[in-house]
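Structure, as structure tokens:
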Amino acid sequence: MTPDVTDGAVTGMAGTGDRNGARETGKSIDTLAIRDLRLRFRGYTETTTVLHGISMRVAPEQRVALVGESGSGKTVIARAILGLLQLLPGAIVNGDIDFEGQDLTGLTTRAWRRLRGVRMSMIFQDPTSSLNPVFTIGEQFHEVHRRADPAIRRSVSGDRAAAILEEVSITEPDRVLESYPFQLSGGMNQRVMIAMAMANEPALLIADEPGTALDVTVQDQTLRLMRRLVDSHRTSVLFISHNLGVVREFADRVYVIYQGRIVEEGPSAAIFRDPRHAYTQALMAAAPRITGGGIPDVSEDEPAFLAPREVHPPEPTPTGDG
Amino acid sequence: MTDRLLELRSVSRTFHLGTRQVRAVNAVTADVRRGECLAVVGESGSGKSTLANLILGVLPPDPGGEIRLEGEILPHRRQRRHRQAIQLVQQNPLSSLNPKRSIGASIRLALDVHGIGDRQDRPARVGALLEEVGLPADFATRPPAALSGGQRQRVAIARALACESGLVVLDEPTSALDVRVQSRVLALLAQLRAQRGLTYVFITHDLSVVRNIADRILVIEAGRVVEVGDTVNLFESPRHPCTRRLISAVPVIGAEEVAFRERVRGLAEGLQEAAGGTG
């Protein structure tokens, strides 16, 4: 099978133009728009601010990466989008999250159930621990399908599951559907997770450090498969990672987050060609290079890392999307 | 005078899984030279960690294989001095440090077990070890949970240093760390190696780390050594498909790196003859 994924952010960007046109509706409603998202946690003695006003958007069919170090707040953003953060006692969430034009604030539990796992879905870092060990893959697919269609028959679900497993290059889908997660390799489970997250044709896929628990070759294959799948299903992706290289391979647009603040945003190619914010520059300088040059000399956190956000203009594309 | 610190001779390890037998490490013969950093790279399931366990004596090798340290054959049941001579730093310091002990007590335990230094000197020694890995001496009283991932990994390194061994097995020591923290820990490891004349066996699948820290590289696939060479040579002209595949899969960020990787991908796909190929 020939991977249809071309290498590099530059070619990735070239593909952006024709995918950004919001073909389904003809209108340009963002799949996801976050405005001034603030998060504080009430502690015993004090309140800790975790997010200091995050604004970001994911256009239809766009692959957006949120890159930052652990503790920067990237995973809580994902949890806020899924409405899970708001359930925590002690979490104070302010700001707007719009999903396909709908304000998610104050959504009822029932409304959330119609969204989560249906219109928006998530894949996690460690596939083996996110799949349920006591149910077969087939049973878990059925559960996922029932979220969108409660009356779906097991046989119909099985056929649909087999079809999407084939799309992630699983050659014996029927055997996999009868297996338990622990009977499959980590790479196989990761593909199953991706297929399961795509099972209900979500508009938005949130991928939190996918493949980090896997080795490089499996991670590479996983990303190619994921990219092909979201391309053919026209799914928007919010891709959360601490790995710059992986982000460069995968994303059209990048947001760099540091201590709960977006410090730089722009088209992937522009960010990697010309990182402007001190923090982005430090992050890139810290990555060991496969071409050598020694172990990078890494500075401590600097006040400049808290400098205002740098915004790169959109790269010129045929459809002129921003 | 030999410069071979550790010698592996036809070392194998077979696991019996029900009726199936899996030879996780298959007739590995290799040397670790005194003072070098030897990287062991391979995909997951290739046998890297089993090899580490064999070197550490956690697992005995199959009959017929031999592991020598400074020329002496290591017995399957290691004596305390053997265990002291080879130390381990693991990937996840949170699971390798006892959560109920202060980090000072964890380091102190290593000193006590191996009888290093006088009893009354040991608290000061713990402080000195912490400072050597770049942590304040008064961190000794803290539990591991109060430290960041990078700090914990420094503690794990301090504990390995406490045993005053010459050989340290590093099993994915920085894979769980953020990139800036990773580079700092790598710099510390390089500095300690120079200062203390340590020898490292560095197990990882991250080729961009290997490129910048290892002197030599051992590539293993399905338990066998498929390629071994100096780091620079091996990156310039990787011969085995497994090596090429590993290099090709590395996520990179720089334009130069992309070009380099493309060249190796060309090799991997067998298109290189016409294109020529010097770095």
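The chains in the structure tokens are called A, B, ... from first to last as shown; in each chain the residues are counted from 1, and the ligands are counted from 1 in the order shown.
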Problem set entry | Filtered DSSP result for range 27-257 of chain A, state strand (DSSP E), as number ranges by chain | A: 32-42, 47-58, 63-67, 91-99, 102-103, 120-123, 204-208, 236-241, 253-257
Using only C-alpha atoms, I'd like every residue of chain A that has an atom within 6 Å of chain B; please write them out as a PDB file with C-alpha atoms, in the first residue's frame.
```
ATOM      1  CA  GLU A  69       5.352  20.854  27.367  1.00  0.00           C
ATOM      2  CA  ASP A 215       8.183   3.223  19.071  1.00  0.00           C
ATOM      3  CA  VAL A 216       9.160   5.499  16.196  1.00  0.00           C
ATOM      4  CA  THR A 217       8.383   3.216  13.299  1.00  0.00           C
ATOM      5  CA  ASP A 220       5.233   6.941  11.969  1.00  0.00           C
ATOM      6  CA  GLY A 245       8.727  16.685  14.822  1.00  0.00           C
ATOM      7  CA  VAL A 246       5.436  14.855  14.956  1.00  0.00           C
ATOM      8  CA  ALA A 286      16.272  22.105  22.480  1.00  0.00           C
ATOM      9  CA  ALA A 287      15.431  19.297  20.061  1.00  0.00           C
ATOM     10  CA  PRO A 288      18.371  17.021  19.267  1.00  0.00           C
ATOM     11  CA  ARG A 289      18.926  16.883  15.508  1.00  0.00           C
ATOM     12  CA  ILE A 290      19.309  13.740  13.500  1.00  0.00           C
ATOM     13  CA  THR A 291      22.006  15.501  11.512  1.00  0.00           C
ATOM     14  CA  GLY A 292      24.106  15.840  14.675  1.00  0.00           C
ATOM     15  CA  GLY A 294      25.642  17.631  19.839  1.00  0.00           C
ATOM     16  CA  ILE A 295      23.270  17.886  22.730  1.00  0.00           C
TER      17      ILE A 295
END
```
Problem set entry | Selection: 7 Å around range 191-195 of chain A, only C-alpha atoms, excl. self and same-chain fewer than 2 positions, as a list in words | Ile123, Pro127, Ile164, Leu165, Val168, Gly187, Met188, Asn189, Ala197, Met198, Ala199, Thr222 and Met226 of chain A
Exercise. Residues at most 7 Å from Arg276 in chain A, counting only C-alpha atoms, excluding those fewer than 4 positions away in the same chain, as number ranges by chain?
Worked result: A: 280-281, 310
Requested write-out: C-alpha atoms of the selected residues, as a PDB file, in the first residue's frame:
```pdb
ATOM      1  CA  THR A 280       9.039  28.581  20.387  1.00  0.00           C
ATOM      2  CA  GLN A 281      12.651  29.305  19.508  1.00  0.00           C
ATOM      3  CA  GLU A 310       3.154  36.050  17.849  1.00  0.00           C
TER       4      GLU A 310
END
```
